[in-house]
>>> print(open('target-v9.cif').read())   # mmCIF, C-alpha atoms
data_query
loop_
_atom_site.label_atom_id
_atom_site.label_comp_id
_atom_site.auth_asym_id
_atom_site.auth_seq_id
_atom_site.Cartn_x
_atom_site.Cartn_y
_atom_site.Cartn_z
CA MET A 1355 -10.15 40.90 -45.80
CA ILE A 1356 -6.44 41.74 -45.51
CA LYS A 1357 -6.62 41.85 -41.69
CA LYS A 1358 -8.37 38.47 -41.54
CA THR A 1359 -5.84 36.92 -43.91
CA PHE A 1360 -2.97 38.42 -41.89
CA LEU A 1361 -4.33 37.10 -38.58
CA PHE A 1362 -4.97 33.66 -40.08
CA ALA A 1363 -1.49 33.44 -41.59
CA LEU A 1364 0.32 34.97 -38.61
CA PRO A 1365 0.98 31.81 -36.58
CA PHE A 1366 2.27 30.01 -39.67
CA ALA A 1367 4.32 32.82 -41.08
CA LEU A 1368 6.61 34.22 -38.42
CA ALA A 1369 10.39 33.73 -38.10
CA ALA A 1370 11.55 32.47 -34.73
CA CYS A 1371 11.34 35.31 -32.29
CA GLY A 1372 12.49 34.09 -28.97
CA GLY A 1373 11.88 30.77 -27.47
CA ALA A 1374 12.88 28.17 -25.01
CA SER A 1375 16.57 27.68 -24.53
CA GLU A 1376 17.96 24.87 -26.62
CA ASP A 1377 20.33 23.94 -23.78
CA ALA A 1378 17.54 23.57 -21.22
CA PRO A 1379 16.74 19.96 -20.33
CA PRO A 1380 13.21 18.74 -21.04
CA SER A 1381 11.02 19.43 -18.05
CA GLU A 1382 8.20 17.29 -16.82
CA ALA A 1383 4.68 18.33 -15.92
CA THR A 1384 5.01 19.16 -12.25
CA GLU A 1385 2.37 21.77 -11.47
CA THR A 1386 -1.38 21.42 -11.48
CA ILE A 1387 -3.59 24.22 -12.76
CA ASP A 1388 -6.01 25.13 -10.01
CA PRO A 1389 -9.18 26.80 -11.33
CA ALA A 1390 -9.62 28.70 -8.06
CA ALA A 1391 -6.12 30.18 -8.33
CA MET A 1392 -6.39 31.21 -11.97
CA VAL A 1393 -6.32 34.92 -11.16
CA ASP A 1394 -5.36 37.12 -8.26
CA ARG A 1395 -8.32 37.83 -6.00
CA ASP A 1396 -7.59 41.57 -6.25
CA SER A 1397 -7.43 41.46 -10.04
CA LYS A 1398 -10.10 42.95 -12.29
CA VAL A 1399 -9.36 40.21 -14.86
CA GLN A 1400 -12.06 37.62 -14.24
CA GLU A 1401 -11.76 33.85 -14.07
CA ILE A 1402 -13.01 32.31 -17.31
CA ALA A 1403 -15.74 29.77 -16.52
CA ASP A 1404 -15.69 27.81 -19.79
CA THR A 1405 -11.92 27.32 -19.94
CA LEU A 1406 -10.78 23.81 -20.91
CA LEU A 1407 -7.11 24.55 -21.57
CA VAL A 1408 -4.78 26.98 -19.85
CA VAL A 1409 -1.52 28.50 -21.14
CA ASP A 1410 1.23 30.32 -19.28
CA ALA A 1411 4.68 31.69 -20.00
CA ASN A 1412 6.24 28.22 -19.77
CA GLY A 1413 3.73 25.75 -21.17
CA VAL A 1414 0.15 24.50 -21.55
CA GLY A 1415 -2.25 22.20 -19.76
CA ALA A 1416 -5.82 21.17 -19.13
CA MET A 1417 -7.73 22.90 -16.35
CA GLY A 1418 -7.12 20.96 -13.13
CA SER A 1419 -4.36 18.81 -14.67
CA PRO A 1420 -0.55 18.91 -14.70
CA VAL A 1421 1.04 21.66 -16.79
CA PHE A 1422 3.14 20.49 -19.73
CA ARG A 1423 6.29 22.61 -19.70
CA PHE A 1424 8.31 23.52 -22.79
CA GLY A 1425 10.50 20.50 -23.57
CA THR A 1426 7.80 17.90 -22.83
CA ALA A 1427 7.40 15.15 -25.45
CA ARG A 1428 4.79 15.86 -28.14
CA ALA A 1429 2.95 12.55 -27.66
CA GLU A 1430 2.36 13.32 -23.98
CA VAL A 1431 1.20 16.90 -24.63
CA ASP A 1432 -1.09 16.00 -27.55
CA ALA A 1433 -2.67 13.15 -25.57
CA GLY A 1434 -3.39 15.42 -22.59
CA LEU A 1435 -4.76 18.30 -24.66
CA ALA A 1436 -6.89 16.01 -26.87
CA LYS A 1437 -8.46 14.46 -23.77
CA ALA A 1438 -9.28 17.89 -22.33
CA PHE A 1439 -10.55 19.34 -25.61
CA GLY A 1440 -12.52 16.22 -26.56
CA ASN A 1441 -10.92 15.65 -29.95
CA GLU A 1442 -7.58 15.16 -31.65
CA GLY A 1443 -5.84 18.37 -32.66
CA GLU A 1444 -5.39 19.27 -36.32
CA GLN A 1445 -1.81 18.52 -37.36
CA GLY A 1446 0.41 20.76 -39.49
CA GLU A 1447 3.99 21.80 -40.04
CA ASN A 1448 6.15 24.60 -41.44
CA SER A 1449 9.64 23.78 -42.70
CA GLU A 1450 10.57 27.45 -43.21
CA CYS A 1451 10.59 28.77 -39.64
CA GLY A 1452 13.66 30.78 -38.68
CA ALA A 1453 14.58 28.34 -35.91
CA GLY A 1454 14.15 25.35 -38.22
CA PRO A 1455 11.20 23.10 -39.09
CA MET A 1456 8.30 23.14 -36.63
CA GLN A 1457 5.21 20.98 -36.25
CA PHE A 1458 1.86 22.12 -34.89
CA SER A 1459 -1.28 20.76 -33.23
CA THR A 1460 -4.35 23.00 -33.16
CA TYR A 1461 -7.12 22.74 -30.55
CA GLY A 1462 -9.81 25.32 -31.26
CA PRO A 1463 -8.15 28.74 -30.78
CA LEU A 1464 -4.86 27.25 -29.50
CA LYS A 1465 -1.98 26.30 -31.83
CA VAL A 1466 0.74 24.36 -30.01
CA ALA A 1467 4.24 24.36 -31.57
CA TYR A 1468 6.75 21.52 -31.45
CA GLN A 1469 10.33 21.21 -32.56
CA ASP A 1470 12.31 17.96 -32.56
CA GLY A 1471 9.29 16.19 -31.03
CA LYS A 1472 9.10 18.49 -27.99
CA LEU A 1473 6.77 21.28 -26.88
CA ALA A 1474 8.36 24.57 -27.95
CA GLY A 1475 5.64 27.24 -27.83
CA TRP A 1476 2.00 28.20 -28.30
CA PHE A 1477 -0.15 30.79 -30.12
CA LEU A 1478 -3.67 31.67 -28.90
CA ARG A 1479 -6.50 33.44 -30.75
CA ALA A 1480 -9.91 34.43 -29.40
CA GLY A 1481 -12.03 31.53 -28.13
CA ALA A 1482 -13.77 30.69 -24.87
CA GLU A 1483 -12.00 27.36 -24.45
CA VAL A 1484 -8.50 28.71 -23.62
CA ALA A 1485 -7.16 31.46 -21.34
CA THR A 1486 -3.88 32.28 -19.64
CA SER A 1487 -3.33 31.11 -16.09
CA ASP A 1488 -3.87 34.71 -14.94
CA GLY A 1489 -7.21 35.03 -16.76
CA VAL A 1490 -6.22 36.93 -19.92
CA GLN A 1491 -8.20 35.87 -22.98
CA PRO A 1492 -7.89 37.22 -26.54
CA GLY A 1493 -11.12 38.68 -27.83
CA THR A 1494 -12.38 39.30 -24.29
CA THR A 1495 -9.65 41.20 -22.43
CA PRO A 1496 -9.38 44.92 -23.28
CA PHE A 1497 -5.76 46.04 -23.78
CA ALA A 1498 -6.30 48.96 -21.36
CA LEU A 1499 -7.32 46.49 -18.62
CA LEU A 1500 -4.26 44.33 -19.26
CA LYS A 1501 -2.04 47.44 -19.07
CA GLY A 1502 -3.69 48.40 -15.79
CA GLU A 1503 -3.20 44.92 -14.30
CA ARG A 1504 0.21 43.85 -15.61
CA GLN A 1505 3.57 45.30 -16.65
CA VAL A 1506 3.17 45.77 -20.43
CA ARG A 1507 5.79 46.77 -22.99
CA GLU A 1508 4.69 47.76 -26.49
CA ILE A 1509 7.10 46.45 -29.16
CA ASP A 1510 8.30 48.48 -32.15
CA SER A 1511 7.84 45.74 -34.76
CA SER A 1512 6.87 45.25 -38.39
CA LEU A 1513 3.87 43.37 -37.00
CA PRO A 1514 1.18 45.86 -35.91
CA GLY A 1515 0.10 46.03 -32.28
CA GLU A 1516 2.80 43.74 -30.87
CA PHE A 1517 3.40 43.80 -27.10
CA GLN A 1518 4.79 41.74 -24.21
CA TYR A 1519 3.56 41.52 -20.66
CA THR A 1520 4.77 40.05 -17.40
CA SER A 1521 2.38 37.28 -16.38
CA ALA A 1522 1.27 36.58 -12.82
CA ASP A 1523 3.94 33.85 -12.59
CA TYR A 1524 6.61 36.44 -13.61
CA GLY A 1525 7.10 34.98 -17.07
CA THR A 1526 6.80 36.84 -20.37
CA ILE A 1527 3.87 36.41 -22.74
CA GLY A 1528 3.73 38.20 -26.09
CA GLY A 1529 0.67 39.28 -27.98
CA PHE A 1530 -1.03 41.51 -30.49
CA THR A 1531 -3.69 44.17 -30.03
CA GLU A 1532 -6.05 45.87 -32.44
CA ASP A 1533 -8.66 48.58 -31.80
CA GLY A 1534 -8.03 48.43 -28.03
CA GLU A 1535 -8.55 44.67 -27.73
CA VAL A 1536 -6.08 41.84 -27.18
CA THR A 1537 -6.45 39.73 -30.34
CA SER A 1538 -3.84 37.01 -29.79
CA LEU A 1539 -1.14 35.84 -27.38
CA PHE A 1540 1.96 33.65 -27.63
CA ALA A 1541 4.87 32.25 -25.60
CA GLY A 1542 7.93 30.16 -26.25
CA MET A 1543 9.23 29.55 -29.75
CA THR A 1544 7.26 31.05 -32.62
CA CYS A 1545 7.36 30.96 -36.40
CA PHE A 1546 6.69 34.63 -37.21
CA PHE A 1547 8.18 36.45 -40.21
CA ARG A 1548 9.14 40.04 -39.43
#
>>> encode(input="target-v9.cif", output="structure tokens")
Amino acid sequence: MIKKTFLFALPFALAACGGASEDAPPSEATETIDPAAMVDRDSKVQEIADTLLVVDANGVGAMGSPVFRFGTARAEVDAGLAKAFGNEGEQGENSECGAGPMQFSTYGPLKVAYQDGKLAGWFLRAGAEVATSDGVQPGTTPFALLKGERQVREIDSSLPGEFQYTSADYGTIGGFTEDGEVTSLFAGMTCFFR
């Protein structure tokens, strides 16, 4: 029960631990996520057939649609993700994040974070609807496989099983592992208490 409560509270509870630069200008959606290019052909990490939404080190997007980069306006991101997911995301907020108040939209296993009306980060739990652009999916990808495929650094943190890895697009994605399985991933600004 404690583990389930911890994992449920984790995306709401954390103090800002890294994020997009505040000085960086808002970027527009300029790339398109190509389902055929989701993973390296030599990779053992498989393409996820049921994926609706894709996340990477710098943003989120619907499969086959432009990627919304950190700094994109919330209205634009929410509209695109709601269309892909088939329903409006659940709305929430936390005024006690270390980087200041943050707002959230949740689409199935994906919680998208906003600050000052702009996309700031994401947190992903297990669920077939969302995967990283290089095919990593919490609840499906074994940690040993991820370590064999990508450059992984385990983090000495008060949060158990924390790690970071270099994604296929050379960005950094953080995550948590338990019992040899990747349980969640995140990028950009977070609201984690350590």
>>> atom_distance(input="target-v9.cif", atom1="atom CA of A:Ala1541", atom2="atom CA of A:Ile1527")
5.1 Å
>>> resolve_selection(input="target-v9.cif", expression="the PyMOL selection byres ((chain A and resi 1532) around 10)", output="ChimeraX atom specification")
/A:1493,1496-1497,1514-1516,1530-1531,1533-1538
>>> closest_residue(input="target-v9.cif", among="A:Met1456, A:Met1543, A:Val1490, A:Ala1436", to="A:Thr1520", atoms="only C-alpha atoms")
A:Val1490
>>> closest_residue(input="target-v9.cif", among="A:Ser1512, A:Asn1412, A:Ser1419, A:Asn1448", to="A:Thr1486", atoms="all atoms listed in the file")
A:Asn1412
>>> closest_residue(input="target-v9.cif", among="A:Gly1443, A:Gly1425, A:Glu1508, A:Met1417", to="A:Val1466", atoms="only C-alpha atoms")
A:Gly1443
>>> resolve_selection(input="target-v9.cif", expression="the PyMOL selection byres ((chain A and resi 1408) around 10)", output="list in words")
Ile1387, Pro1389, Met1392, Thr1405, Leu1406, Leu1407, Val1409, Asp1410, Gly1413, Val1414, Gly1415, Ala1416, Met1417, Gly1418, Ser1419, Val1421, Leu1435, Leu1464, Glu1483, Val1484, Ala1485, Thr1486, Ser1487, Asp1488 and Gly1489 of chain A
>>> residues_around(input="target-v9.cif", residues="A:Ser1521", least_positions_apart="2", cutoff="8 Å", atoms="all atoms listed in the file", output="compact mmCIF listing (two decimals) with C-alpha atoms, in the coordinates of the input")
# COMPACT_ATOMS: atom_id res chain seq x y z
CA ASP A 1410 1.23 30.32 -19.28
CA ALA A 1411 4.68 31.69 -20.00
CA ASP A 1488 -3.87 34.71 -14.94
CA ARG A 1504 0.21 43.85 -15.61
CA TYR A 1519 3.56 41.52 -20.66
CA ASP A 1523 3.94 33.85 -12.59
CA TYR A 1524 6.61 36.44 -13.61
CA GLY A 1525 7.10 34.98 -17.07
CA THR A 1526 6.80 36.84 -20.37
CA ILE A 1527 3.87 36.41 -22.74
>>> atom_distance(input="target-v9.cif", atom1="atom CA of A:Glu1447", atom2="atom CA of A:Asp1510")
28.2 Å
